[in-house]
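S.K.: Contents of target_10.csv (CSV, C-alpha atoms) are given next:
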chain,number,residue,atom,x,y,z
A,993,MET,CA,97.3,80.7,68.2
A,994,LYS,CA,96.2,84.4,68.1
A,995,LEU,CA,93.3,83.5,70.3
A,996,VAL,CA,95.7,82.0,72.9
A,997,HIS,CA,97.8,85.1,72.8
A,998,ALA,CA,94.7,87.3,73.2
A,999,ALA,CA,93.5,85.2,76.1
A,1000,LEU,CA,96.8,85.3,77.8
A,1001,LEU,CA,97.0,89.1,77.4
A,1002,SER,CA,93.5,89.6,78.7
A,1003,THR,CA,94.3,87.4,81.7
A,1004,LEU,CA,97.4,89.5,82.5
A,1005,THR,CA,95.7,92.8,82.0
A,1006,GLY,CA,92.8,91.6,84.1
A,1007,CYS,CA,95.2,91.7,87.0
A,1008,ALA,CA,95.6,95.5,86.6
A,1009,TRP,CA,91.8,95.8,86.1
A,1010,SER,CA,91.1,94.2,89.5
A,1011,ASN,CA,92.1,97.5,91.2
A,1012,PRO,CA,89.2,100.0,91.0
A,1013,ALA,CA,91.8,102.8,90.5
A,1014,ASN,CA,92.8,101.3,87.2
A,1015,ARG,CA,89.3,101.3,85.6
A,1016,PRO,CA,88.1,104.9,85.4
A,1017,VAL,CA,85.8,104.2,82.4
A,1018,TRP,CA,84.1,101.3,84.2
A,1019,ASN,CA,83.8,103.3,87.4
A,1020,SER,CA,82.2,106.2,85.7
A,1021,PHE,CA,79.9,104.0,83.6
A,1022,GLU,CA,78.7,102.0,86.7
A,1023,LYS,CA,78.3,105.2,88.8
A,1024,HIS,CA,76.4,107.3,86.2
A,1025,LEU,CA,74.7,105.0,83.7
A,1026,VAL,CA,73.7,101.9,85.5
A,1027,PRO,CA,70.2,102.4,87.0
A,1028,GLU,CA,69.9,101.5,90.7
A,1029,GLN,CA,66.2,100.8,90.8
A,1030,ASP,CA,65.5,97.1,90.3
A,1031,THR,CA,63.1,97.3,87.3
A,1032,ALA,CA,65.2,99.7,85.4
A,1033,PHE,CA,68.3,97.8,86.3
A,1034,TYR,CA,67.0,94.5,84.8
A,1035,ALA,CA,65.3,96.2,81.9
A,1036,THR,CA,68.5,97.9,80.8
A,1037,LEU,CA,70.7,94.8,81.2
A,1038,PRO,CA,70.7,94.0,77.5
A,1039,LEU,CA,72.3,97.4,76.9
A,1040,THR,CA,74.4,97.8,80.0
A,1041,VAL,CA,76.1,94.4,79.8
A,1042,PRO,CA,77.6,94.9,76.4
A,1043,ALA,CA,78.5,98.5,77.3
A,1044,GLY,CA,80.2,97.2,80.4
A,1045,LEU,CA,82.2,94.8,78.4
A,1046,VAL,CA,83.3,97.6,76.1
A,1047,ALA,CA,84.2,99.7,79.1
A,1048,ILE,CA,86.4,96.8,80.4
A,1049,VAL,CA,88.2,96.6,77.0
A,1050,VAL,CA,88.6,100.4,76.8
A,1051,ASP,CA,90.0,100.6,80.3
A,1052,THR,CA,92.4,97.6,79.7
A,1053,VAL,CA,93.6,98.4,76.3
A,1054,PHE,CA,93.6,102.2,76.2
A,1055,VAL,CA,93.0,104.1,79.4
A,1056,HIS,CA,95.1,102.2,81.9
A,1057,PRO,CA,98.1,101.9,79.6
A,1058,VAL,CA,97.9,105.7,78.9
A,1059,GLN,CA,97.5,106.3,82.7
A,1060,VAL,CA,100.8,104.5,83.5
A,1061,THR,CA,102.9,106.1,80.7
A,1062,ASP,CA,104.1,108.8,83.0
A,1063,ASP,CA,105.0,106.3,85.8
A,1064,ALA,CA,107.0,104.2,83.3
A,1065,ALA,CA,108.7,107.4,82.1
A,1066,GLY,CA,109.5,108.2,85.7
A,1067,ASP,CA,111.0,104.7,86.2
A,1068,ALA,CA,113.2,105.3,83.1
A,1069,VAL,CA,114.2,108.8,84.2
A,1070,ASP,CA,115.3,107.3,87.6
A,1071,LEU,CA,118.3,105.9,85.7
A,1072,TRP,CA,119.5,109.4,85.1
A,1073,ARG,CA,119.0,110.7,88.7
A,1074,GLU,CA,121.8,111.2,91.2
A,1075,ILE,CA,124.6,111.4,88.7
A,1076,ASP,CA,127.7,112.8,90.5
A,1077,TRP,CA,130.0,114.3,87.8
A,1078,HIS,CA,132.2,115.9,90.5
A,1079,LYS,CA,133.1,112.8,92.5
A,1080,GLU,CA,132.7,110.0,90.0
A,1081,TYR,CA,133.4,111.6,86.6
A,1082,TYR,CA,134.9,108.6,84.9
A,1083,THR,CA,132.5,106.2,86.4
A,1084,GLU,CA,129.5,108.2,85.2
A,1085,LEU,CA,131.0,108.6,81.8
A,1086,GLY,CA,131.7,104.8,81.7
A,1087,PHE,CA,128.0,104.1,82.6
A,1088,LEU,CA,126.7,106.7,80.1
A,1089,PRO,CA,126.3,104.3,77.1
A,1090,LEU,CA,124.7,101.6,79.4
A,1091,ARG,CA,122.3,104.1,80.8
A,1092,ALA,CA,121.4,105.2,77.3
A,1093,LEU,CA,120.9,101.5,76.3
A,1094,ALA,CA,118.9,100.7,79.3
A,1095,THR,CA,116.6,103.7,79.2
A,1096,PRO,CA,114.2,102.5,76.4
A,1097,ILE,CA,114.3,98.9,77.8
A,1098,VAL,CA,113.4,100.0,81.3
A,1099,PHE,CA,110.6,102.3,79.9
A,1100,VAL,CA,109.1,99.5,77.7
A,1101,PHE,CA,109.2,96.8,80.4
A,1102,SER,CA,108.0,99.2,83.1
A,1103,TRP,CA,105.1,100.3,80.9
A,1104,LEU,CA,104.2,96.7,80.0
A,1105,GLY,CA,104.4,95.6,83.6
A,1106,ARG,CA,102.4,98.6,84.8
A,1107,SER,CA,99.8,98.1,82.0
A,1108,CYS,CA,99.3,94.4,82.8
A,1109,PHE,CA,99.8,94.2,86.6
A,1110,ASP,CA,98.4,96.1,89.5
A,1111,ILE,CA,101.6,98.0,90.4
A,1112,ASP,CA,101.4,100.9,92.8
A,1113,PRO,CA,101.9,104.3,91.1
A,1114,ARG,CA,105.1,106.1,91.7
A,1115,GLU,CA,105.1,108.6,94.5
A,1116,SER,CA,105.3,112.1,93.1
A,1117,LYS,CA,108.2,114.3,94.2
A,1118,ASP,CA,105.8,117.2,94.6
A,1119,PRO,CA,104.5,117.2,98.2
A,1120,ALA,CA,101.2,118.7,97.2
A,1121,VAL,CA,100.6,116.0,94.6
A,1122,ARG,CA,101.7,113.3,97.0
A,1123,ALA,CA,99.3,114.7,99.7
A,1124,ALA,CA,96.5,114.7,97.2
A,1125,ALA,CA,97.2,111.1,96.2
A,1126,LEU,CA,97.3,110.0,99.8
A,1127,LYS,CA,94.0,111.8,100.4
A,1128,GLU,CA,92.5,110.0,97.5
A,1129,VAL,CA,93.7,106.6,98.7
A,1130,ALA,CA,92.4,107.3,102.2
A,1131,GLY,CA,89.0,108.3,100.8
A,1132,VAL,CA,88.7,105.2,98.6
A,1133,ARG,CA,89.6,102.8,101.4
A,1134,ARG,CA,87.2,104.6,103.8
A,1135,ALA,CA,84.4,104.4,101.3
A,1136,GLU,CA,85.0,100.7,100.7
A,1137,CYS,CA,84.9,100.0,104.4
A,1138,LEU,CA,81.7,102.0,104.9
A,1139,ALA,CA,80.1,100.2,101.9
A,1140,PHE,CA,81.1,96.8,103.4
A,1141,PHE,CA,79.5,97.6,106.8
A,1142,ALA,CA,76.3,98.8,105.1
A,1143,ALA,CA,76.2,95.8,102.8
A,1144,LEU,CA,76.4,93.4,105.7
A,1145,GLU,CA,73.1,94.7,107.0
A,1146,GLN,CA,71.3,93.5,103.9
A,1147,PRO,CA,69.5,90.2,104.5
A,1148,LEU,CA,71.5,87.1,103.4
A,1149,ALA,CA,74.3,89.3,102.0
A,1150,THR,CA,77.9,88.0,101.8
A,1151,PRO,CA,79.8,91.1,100.7
A,1152,LYS,CA,83.4,90.9,99.9
A,1153,PRO,CA,85.5,92.6,102.6
A,1154,PRO,CA,87.8,95.4,101.7
A,1155,VAL,CA,91.4,94.4,100.8
A,1156,LYS,CA,93.0,97.2,102.8
A,1157,ALA,CA,92.1,98.9,106.0
A,1158,PRO,CA,91.2,102.6,106.2
A,1159,VAL,CA,94.2,104.9,106.6
A,1160,GLU,CA,92.6,106.5,109.7
A,1161,TRP,CA,89.8,105.3,111.9
A,1162,ASP,CA,87.2,108.0,112.8
A,1163,ALA,CA,83.9,108.4,114.6
A,1164,GLU,CA,81.8,107.8,111.5
A,1165,LEU,CA,83.6,104.5,110.8
A,1166,GLY,CA,83.2,103.6,114.4
A,1167,ALA,CA,79.5,104.3,114.4
A,1168,ALA,CA,79.0,102.3,111.1
A,1169,PHE,CA,80.9,99.4,112.6
A,1170,ASP,CA,78.8,99.4,115.8
A,1171,HIS,CA,75.6,99.8,113.8
A,1172,ALA,CA,76.5,96.8,111.5
A,1173,TYR,CA,77.5,94.7,114.5
A,1174,ARG,CA,74.3,95.4,116.4
A,1175,ASN,CA,71.9,95.0,113.4
A,1176,THR,CA,73.2,92.0,111.6
A,1177,ASP,CA,72.6,88.3,111.9
A,1178,ALA,CA,75.2,85.9,113.4
A,1179,ARG,CA,76.8,84.9,110.1
A,1180,ALA,CA,77.2,88.5,109.0
A,1181,ARG,CA,78.6,89.4,112.5
A,1182,TYR,CA,81.1,86.6,112.2
A,1183,ASP,CA,82.2,87.9,108.7
A,1184,LEU,CA,82.5,91.4,110.2
A,1185,LEU,CA,84.6,90.1,113.1
A,1186,ARG,CA,86.9,88.1,110.8
A,1187,ALA,CA,87.4,91.1,108.4
A,1188,ALA,CA,88.0,93.4,111.3
A,1189,ALA,CA,90.6,91.1,112.8
A,1190,ARG,CA,92.4,90.7,109.4
A,1191,LEU,CA,92.4,94.4,108.7
A,1192,LYS,CA,93.3,95.2,112.3
A,1193,LEU,CA,90.3,97.6,112.6
A,1194,PHE,CA,90.2,99.8,115.6
A,1195,PRO,CA,87.3,98.1,117.5
A,1196,LEU,CA,89.2,94.7,117.3
A,1197,VAL,CA,92.5,96.3,118.3
A,1198,GLU,CA,90.8,98.0,121.3
A,1199,GLU,CA,88.7,95.0,122.2
A,1200,PRO,CA,90.1,91.8,120.6
A,1201,TRP,CA,87.7,89.6,122.5
A,1202,LEU,CA,84.6,91.4,121.1
A,1203,GLY,CA,83.5,88.2,119.3
A,1204,LEU,CA,83.8,86.2,122.5
A,1205,ARG,CA,81.0,88.3,124.0
A,1206,ASP,CA,78.8,87.7,121.0
A,1207,ARG,CA,75.2,86.8,121.7
A,1208,ASP,CA,75.3,83.8,119.4
A,1209,PRO,CA,77.0,80.7,120.7
A,1210,VAL,CA,78.3,79.6,117.3
A,1211,VAL,CA,80.1,83.0,116.9
A,1212,ARG,CA,81.5,82.6,120.4
A,1213,TYR,CA,82.6,79.1,119.6
A,1214,LEU,CA,84.3,80.0,116.3
A,1215,GLU,CA,86.0,83.0,117.8
A,1216,LEU,CA,87.2,80.9,120.7
A,1217,ARG,CA,88.6,78.3,118.4
A,1218,SER,CA,90.8,81.0,116.7
A,1219,TRP,CA,91.6,82.7,120.0
A,1220,ASN,CA,95.4,83.0,120.2
A,1221,GLY,CA,95.8,82.8,123.9
A,1222,LYS,CA,96.0,86.5,124.6
A,1223,GLN,CA,94.9,88.0,127.9
A,1224,MET,CA,91.2,88.6,128.3
A,1225,PRO,CA,89.1,90.2,131.1
A,1226,ALA,CA,88.6,87.8,134.1
A,1227,ASP,CA,84.8,88.2,133.9
A,1228,LEU,CA,84.8,87.1,130.2
A,1229,ARG,CA,87.0,84.1,131.0
A,1230,ALA,CA,84.7,83.1,133.8
A,1231,ALA,CA,81.6,83.6,131.6
A,1232,LEU,CA,83.1,81.4,128.9
A,1233,LEU,CA,84.0,78.7,131.3
A,1234,SER,CA,80.4,78.6,132.5
A,1235,ASP,CA,78.8,79.3,129.1
A,1236,GLU,CA,75.3,78.2,128.6
A,1237,ASN,CA,76.3,76.4,125.5
A,1238,GLU,CA,78.0,73.0,126.1
A,1239,MET,CA,80.4,73.2,123.1
A,1240,VAL,CA,81.6,76.7,124.1
A,1241,ARG,CA,82.0,75.6,127.7
A,1242,ALA,CA,84.0,72.5,126.7
A,1243,LEU,CA,86.2,74.5,124.3
A,1244,ALA,CA,86.8,77.2,126.9
A,1245,GLY,CA,87.7,74.5,129.4
A,1246,GLU,CA,90.2,73.2,126.9
A,1247,LYS,CA,91.7,76.5,125.9
A,1248,LEU,CA,91.4,78.8,128.9
A,1249,ARG,CA,92.3,76.5,131.9
A,1250,GLU,CA,95.7,77.3,133.3
B,517,MET,CA,118.2,87.2,64.1
B,518,ASN,CA,119.5,83.7,63.9
B,519,SER,CA,122.8,84.6,62.2
B,520,PRO,CA,125.9,84.0,64.3
B,521,PHE,CA,126.8,87.7,64.2
B,522,ASN,CA,123.4,88.7,65.7
B,523,ARG,CA,123.6,85.9,68.3
B,524,LEU,CA,127.1,87.2,69.2
B,525,ILE,CA,125.7,90.8,69.6
B,526,VAL,CA,122.8,89.6,71.8
B,527,PHE,CA,125.2,87.4,73.9
B,528,GLY,CA,127.6,90.4,74.2
B,529,LEU,CA,124.8,92.7,75.3
B,530,LEU,CA,123.6,90.2,77.9
B,531,LEU,CA,127.2,89.8,79.2
B,532,VAL,CA,127.7,93.6,79.4
B,533,LEU,CA,124.4,94.0,81.4
B,534,ALA,CA,125.4,91.1,83.6
B,535,THR,CA,128.8,92.4,84.3
B,536,ALA,CA,127.3,95.8,84.9
B,537,CYS,CA,125.6,94.2,87.8
B,538,ALA,CA,128.9,93.5,89.6
B,539,ALA,CA,130.3,96.9,88.4
B,540,SER,CA,127.4,98.7,90.0
B,541,GLU,CA,129.0,98.2,93.4
B,542,HIS,CA,131.6,100.9,94.1
B,543,ASP,CA,134.2,98.5,95.5
B,544,ASN,CA,134.2,96.4,92.3
B,545,ARG,CA,135.4,99.3,90.1
B,546,ARG,CA,139.0,99.6,91.0
B,547,THR,CA,140.2,101.2,87.8
B,548,LEU,CA,137.3,103.7,87.6
B,549,ASN,CA,137.7,104.6,91.3
B,550,ALA,CA,141.4,105.3,90.7
B,551,LEU,CA,140.6,107.5,87.7
B,552,ASP,CA,137.9,109.3,89.7
B,553,ASP,CA,140.3,110.0,92.5
B,554,GLN,CA,143.3,111.0,90.6
B,555,LEU,CA,142.3,112.4,87.2
B,556,THR,CA,139.0,114.2,87.5
B,557,PRO,CA,139.2,117.7,86.2
B,558,ASP,CA,138.3,120.3,88.8
B,559,SER,CA,136.2,122.7,86.9
B,560,VAL,CA,132.9,122.0,85.1
B,561,SER,CA,134.1,123.5,81.8
B,562,ALA,CA,137.3,121.4,81.9
B,563,ARG,CA,135.1,118.3,82.4
B,564,TRP,CA,133.0,119.3,79.3
B,565,ILE,CA,136.0,120.0,77.2
B,566,ALA,CA,137.7,116.8,78.1
B,567,ALA,CA,134.6,114.7,77.6
B,568,PRO,CA,135.5,113.5,74.0
B,569,VAL,CA,138.6,112.0,75.4
B,570,THR,CA,137.4,111.0,78.9
B,571,LEU,CA,134.2,109.3,77.6
B,572,PRO,CA,136.0,106.5,75.8
B,573,ILE,CA,138.5,106.3,78.7
B,574,GLY,CA,135.5,105.8,81.1
B,575,VAL,CA,133.8,103.2,78.9
B,576,VAL,CA,137.0,101.2,78.4
B,577,SER,CA,137.9,101.4,82.1
B,578,LEU,CA,134.4,100.1,83.0
B,579,ALA,CA,134.9,97.3,80.5
B,580,VAL,CA,138.3,96.5,81.9
B,581,ASP,CA,137.0,96.6,85.5
B,582,ALA,CA,134.1,94.3,84.5
B,583,ALA,CA,135.9,91.9,82.2
B,584,VAL,CA,139.4,91.8,83.7
B,585,VAL,CA,140.1,93.5,87.0
B,586,HIS,CA,137.1,92.4,89.0
B,587,PRO,CA,137.1,88.8,87.7
B,588,CYS,CA,140.8,88.6,88.7
B,589,CYS,CA,140.1,90.0,92.1
B,590,VAL,CA,137.5,87.3,92.9
B,591,PHE,CA,139.8,84.3,92.1
B,592,ASP,CA,140.8,84.0,95.8
B,593,ASP,CA,137.2,84.2,97.0
B,594,ALA,CA,136.1,81.5,94.5
B,595,TRP,CA,139.0,79.3,95.6
B,596,GLY,CA,138.2,79.9,99.3
B,597,ASP,CA,134.6,78.9,98.7
B,598,THR,CA,135.7,75.7,96.8
B,599,VAL,CA,138.1,74.7,99.6
B,600,GLU,CA,135.4,75.4,102.3
B,601,TRP,CA,132.7,73.5,100.5
B,602,LEU,CA,134.7,70.5,99.2
B,603,TRP,CA,137.9,70.2,101.1
B,604,THR,CA,137.1,71.3,104.7
B,605,PRO,CA,136.1,68.3,106.8
B,606,HIS,CA,133.4,70.0,108.9
B,607,GLY,CA,133.5,67.1,111.4
B,608,ALA,CA,133.2,64.3,108.9
B,609,SER,CA,134.6,60.9,109.8
B,610,ARG,CA,138.0,59.8,108.4
B,611,PHE,CA,136.4,57.1,106.3
B,612,ARG,CA,133.9,59.6,104.8
B,613,ARG,CA,136.7,62.0,104.0
B,614,ALA,CA,138.6,59.2,102.3
B,615,VAL,CA,135.6,58.3,100.2
B,616,MET,CA,134.9,61.9,99.3
B,617,ILE,CA,138.4,62.6,98.0
B,618,PRO,CA,137.8,61.5,94.4
B,619,LEU,CA,134.4,63.1,94.3
B,620,SER,CA,135.7,66.4,95.6
B,621,ALA,CA,138.6,66.2,93.1
B,622,LEU,CA,136.0,65.7,90.3
B,623,ALA,CA,133.8,68.6,91.5
B,624,THR,CA,136.6,71.1,92.3
B,625,PRO,CA,137.0,72.6,88.8
B,626,PHE,CA,133.2,72.9,88.3
B,627,VAL,CA,132.5,74.4,91.7
B,628,PHE,CA,135.5,76.8,91.3
B,629,ALA,CA,134.5,77.9,87.8
B,630,GLY,CA,130.8,78.3,88.7
B,631,ASP,CA,131.6,80.3,91.9
B,632,TRP,CA,134.2,82.4,90.0
B,633,LEU,CA,131.7,83.2,87.2
B,634,GLY,CA,129.0,84.1,89.7
B,635,ARG,CA,131.3,86.4,91.6
B,636,ALA,CA,132.7,87.9,88.4
B,637,LEU,CA,129.2,88.7,87.0
B,638,PHE,CA,127.2,89.6,90.1
B,639,ASP,CA,127.7,91.7,93.1
B,640,ILE,CA,128.4,89.0,95.7
B,641,ASP,CA,130.0,90.0,99.1
B,642,PRO,CA,133.6,89.0,99.4
B,643,ARG,CA,134.4,86.2,101.9
B,644,LYS,CA,134.8,87.4,105.4
B,645,GLU,CA,138.3,86.2,105.9
B,646,ASP,CA,139.3,88.4,102.9
B,647,ALA,CA,137.2,91.4,103.7
Go ahead and express the file in the form of structure tokens.

M.R.:
Amino acid sequence: MKLVHAALLSTLTGCAWSNPANRPVWNSFEKHLVPEQDTAFYATLPLTVPAGLVAIVVDTVFVHPVQVTDDAAGDAVDLWREIDWHKEYYTELGFLPLRALATPIVFVFSWLGRSCFDIDPRESKDPAVRAAALKEVAGVRRAECLAFFAALEQPLATPKPPVKAPVEWDAELGAAFDHAYRNTDARARYDLLRAAARLKLFPLVEEPWLGLRDRDPVVRYLELRSWNGKQMPADLRAALLSDENEMVRALAGEKLRE
Amino acid sequence: MNSPFNRLIVFGLLLVLATACAASEHDNRRTLNALDDQLTPDSVSARWIAAPVTLPIGVVSLAVDAAVVHPCCVFDDAWGDTVEWLWTPHGASRFRRAVMIPLSALATPFVFAGDWLGRALFDIDPRKEDA
């Protein structure tokens, strides 16, 4: 029975652990102590795998719960904000015992919820702290996006796309996107196009028909299948209607004829 | 934990928290609003000095609002809902209305009680005709 409880608890807390921001020990361990070179990587696996498991447990059971204590306290303190003694004197007095009763309950449930699940941290009231937090989020998302573009260029790679789009699109991201699109095989290009469409990345916002101009007919066909009937340049429409590939031509005839 | 007294305490706490849900809306606290408007001391020091007396008054008023005044005020809304759901034809045929009469009569106390309880405990908007 204890095993079942432990398994359930670890499953719940695994939800919080899925967010990189909630696993500082793992991040630090992976960044500094796991060798990158292949031989060293495989040679140290007997040591790094158990250490990684310990890092997961430490993050889940100690570090992340400690990290969220101040957020849970903030949630509980919210019960005591905006008390208007001047206009609602009796009302505030009437609610005083309920507030006192609810404060530890809110704290405990908020702390448990934040420890187990991936709940966004509270926004600080301090503008400087809030700006720093936003900057950190922007940096993480940008790095994830760049890593995804770079990983696509590895032969036979199927990297997991980022969950969220970068906060701002800049020249370096644009160059990395172009480079990945030019230097990858058809399957990776299709993965890139799908991820870019889902995340509404700038190149696909600027040119939604990018995939319809792809050099590979399978990519063109798949992109055309999911084309939502938006306007497209006349030359592209004409090119698809007279595409060299019979399947693309037939599908274009079906979807693009007025 | 299983003694009747403890169960009563848990039930009472749950009831208080549930009624606090309805009382969290300004318009559902008629007694407290009247006290706030009429009897709030002007100065900060007077409010502090009066607190030993006004605190129990506030707590009792909240309990009265939640347990008596607000539940009484939603009787008409609960009845309006019951009449609308069970006794308003909504274009039904004469025969269907005739068949439904005993069923509606049977359901009326349950629908009314359920609706009244929901409106008494939670912050549900009043019916438009009564707003």

S.K.: Could you list, as an mmCIF file with C-alpha atoms, in the coordinates of the input, every residue of chain B that has an atom within 10 Å of an atom of chain A, counting all atoms listed in the file?

M.R.:
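Result saved to part.cif:
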data_model
loop_
_atom_site.group_PDB
_atom_site.id
_atom_site.type_symbol
_atom_site.label_atom_id
_atom_site.label_comp_id
_atom_site.auth_asym_id
_atom_site.auth_seq_id
_atom_site.Cartn_x
_atom_site.Cartn_y
_atom_site.Cartn_z
ATOM 1 C CA LEU B 529 124.800 92.700 75.300
ATOM 2 C CA VAL B 532 127.700 93.600 79.400
ATOM 3 C CA LEU B 533 124.400 94.000 81.400
ATOM 4 C CA ALA B 536 127.300 95.800 84.900
ATOM 5 C CA ALA B 539 130.300 96.900 88.400
ATOM 6 C CA SER B 540 127.400 98.700 90.000
ATOM 7 C CA HIS B 542 131.600 100.900 94.100
ATOM 8 C CA ARG B 545 135.400 99.300 90.100
ATOM 9 C CA THR B 547 140.200 101.200 87.800
ATOM 10 C CA LEU B 548 137.300 103.700 87.600
ATOM 11 C CA ASN B 549 137.700 104.600 91.300
ATOM 12 C CA ALA B 550 141.400 105.300 90.700
ATOM 13 C CA LEU B 551 140.600 107.500 87.700
ATOM 14 C CA ASP B 552 137.900 109.300 89.700
ATOM 15 C CA ASP B 553 140.300 110.000 92.500
ATOM 16 C CA LEU B 555 142.300 112.400 87.200
ATOM 17 C CA THR B 556 139.000 114.200 87.500
ATOM 18 C CA PRO B 557 139.200 117.700 86.200
ATOM 19 C CA ASP B 558 138.300 120.300 88.800
ATOM 20 C CA SER B 559 136.200 122.700 86.900
ATOM 21 C CA VAL B 560 132.900 122.000 85.100
ATOM 22 C CA ARG B 563 135.100 118.300 82.400
ATOM 23 C CA ALA B 567 134.600 114.700 77.600
ATOM 24 C CA THR B 570 137.400 111.000 78.900
ATOM 25 C CA LEU B 571 134.200 109.300 77.600
ATOM 26 C CA PRO B 572 136.000 106.500 75.800
ATOM 27 C CA ILE B 573 138.500 106.300 78.700
ATOM 28 C CA GLY B 574 135.500 105.800 81.100
ATOM 29 C CA VAL B 575 133.800 103.200 78.900
ATOM 30 C CA VAL B 576 137.000 101.200 78.400
ATOM 31 C CA SER B 577 137.900 101.400 82.100
ATOM 32 C CA LEU B 578 134.400 100.100 83.000
ATOM 33 C CA ALA B 579 134.900 97.300 80.500
#

S.K.: Between B:Glu600, B:Glu541, B:Asp593, B:Asp581, which has the minimum distance to B:Phe638 (counting all atoms listed in the file)?

M.R.: B:Glu541

S.K.: What is the atom CA of B:Leu602 to atom CA of B:Ser620 distance in Å?

M.R.: 5.5 Å

S.K.: What lies within 10 Å of A:Gln1059 using only C-alpha atoms, ignoring chain neighbours under 6 positions off, as a compact mmCIF listing (two decimals) with C-alpha atoms, in the coordinates of the input?

M.R.:
# COMPACT_ATOMS: atom_id res chain seq x y z
CA ASN A 1014 92.80 101.30 87.20
CA PRO A 1016 88.10 104.90 85.40
CA ASP A 1051 90.00 100.60 80.30
CA TRP A 1103 105.10 100.30 80.90
CA ARG A 1106 102.40 98.60 84.80
CA SER A 1107 99.80 98.10 82.00
CA PRO A 1113 101.90 104.30 91.10

S.K.: Rank nothing, just name the residue among A:Ile1097, A:Ala1032, A:Ala1013, A:Val1240 nearest to A:Ile1111, using only C-alpha atoms.

M.R.: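 Smallest separation from A:Ile1111 among the options: A:Ala1013.
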
S.K.: Which neighbours of stretch 1129-1139 of chain A fall inside 12 Å, counting all atoms listed in the file, when residues of the same chain fewer than 2 positions from it are skipped, and could you give them as number ranges by chain?

M.R.: A: 1011-1013, 1112-1113, 1122-1127, 1141-1146, 1151-1172, 1184, 1187-1188, 1191, 1193

S.K.: Near B:Arg635, within 10 Å and counting only C-alpha atoms, which residues show up once chain neighbours fewer than 2 positions away are dropped, as a VMD selection string?

M.R.: chain B and resid 535 538 586 to 587 589 to 591 593 to 594 629 to 633 637 to 642

S.K.: Under the rule that all atoms listed in the file are counted, which of A:Asn1220, A:Val1026, A:Asp1062, A:Trp1072 is the nearest residue to A:Glu1115?

M.R.: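 Smallest separation from A:Glu1115 among the options: A:Asp1062.
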
S.K.: Closest to A:Glu1215 among A:Leu1185, A:Leu1233, A:Glu1074, A:Ala1242, using all atoms listed in the file?

M.R.: A:Leu1185

S.K.: So how far away is atom CA of B:His606 from atom CA of B:Phe626, in Å?

M.R.: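 Interatomic distance here is 20.8 Å.
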
S.K.: For each of A:Val1098, A:Ser1010, A:Glu1022, A:Gln1029, take the minimum atom-to-atom distance to A:His1056, counting only C-alpha atoms, then give the residue where this is smallest.

M.R.: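 Checking each candidate against A:His1056, we get A:Ser1010 as the closest.
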
S.K.: Applying 10 Å and only C-alpha atoms, which residues near A:Val1046 remain after dropping the ones on its own chain fewer than 6 positions away? List them as a PyMOL selection string.

M.R.: chain A and resi 1017-1018+1040+1052

S.K.: Can you tell me how far atom CA of A:Val1060 sits from atom CA of A:Val1100, in Å to one decimal?

M.R.: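 For atom CA of A:Val1060 relative to atom CA of A:Val1100, the distance reads 11.3 Å.
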
S.K.: With N, CA and C atoms as the target, complete stretch 1034-1044 of chain A and hand it back as an mmCIF file, keeping the file's coordinate frame.

M.R.:
data_model
loop_
_atom_site.group_PDB
_atom_site.id
_atom_site.type_symbol
_atom_site.label_atom_id
_atom_site.label_comp_id
_atom_site.auth_asym_id
_atom_site.auth_seq_id
_atom_site.Cartn_x
_atom_site.Cartn_y
_atom_site.Cartn_z
ATOM 1 N N TYR A 1034 67.139 95.739 85.637
ATOM 2 C CA TYR A 1034 67.000 94.500 84.800
ATOM 3 C C TYR A 1034 66.559 94.834 83.406
ATOM 4 N N ALA A 1035 65.739 95.883 83.242
ATOM 5 C CA ALA A 1035 65.300 96.200 81.900
ATOM 6 C C ALA A 1035 66.407 96.686 81.001
ATOM 7 N N THR A 1036 67.397 97.345 81.601
ATOM 8 C CA THR A 1036 68.500 97.900 80.800
ATOM 9 C C THR A 1036 69.672 96.926 80.632
ATOM 10 N N LEU A 1037 69.565 95.760 81.273
ATOM 11 C CA LEU A 1037 70.700 94.800 81.200
ATOM 12 C C LEU A 1037 71.162 94.500 79.775
ATOM 13 N N PRO A 1038 70.225 94.300 78.820
ATOM 14 C CA PRO A 1038 70.700 94.000 77.500
ATOM 15 C C PRO A 1038 71.581 95.101 76.878
ATOM 16 N N LEU A 1039 71.404 96.333 77.401
ATOM 17 C CA LEU A 1039 72.300 97.400 76.900
ATOM 18 C C LEU A 1039 73.498 97.595 77.788
ATOM 19 N N THR A 1040 73.297 97.490 79.099
ATOM 20 C CA THR A 1040 74.400 97.800 80.000
ATOM 21 C C THR A 1040 75.484 96.716 80.014
ATOM 22 N N VAL A 1041 75.078 95.454 79.823
ATOM 23 C CA VAL A 1041 76.100 94.400 79.800
ATOM 24 C C VAL A 1041 77.094 94.539 78.691
ATOM 25 N N PRO A 1042 76.621 94.689 77.416
ATOM 26 C CA PRO A 1042 77.600 94.900 76.400
ATOM 27 C C PRO A 1042 78.430 96.177 76.556
ATOM 28 N N ALA A 1043 77.742 97.235 77.032
ATOM 29 C CA ALA A 1043 78.500 98.500 77.300
ATOM 30 C C ALA A 1043 79.528 98.300 78.350
ATOM 31 N N GLY A 1044 79.208 97.502 79.362
ATOM 32 C CA GLY A 1044 80.200 97.200 80.400
ATOM 33 C C GLY A 1044 81.390 96.471 79.894
#
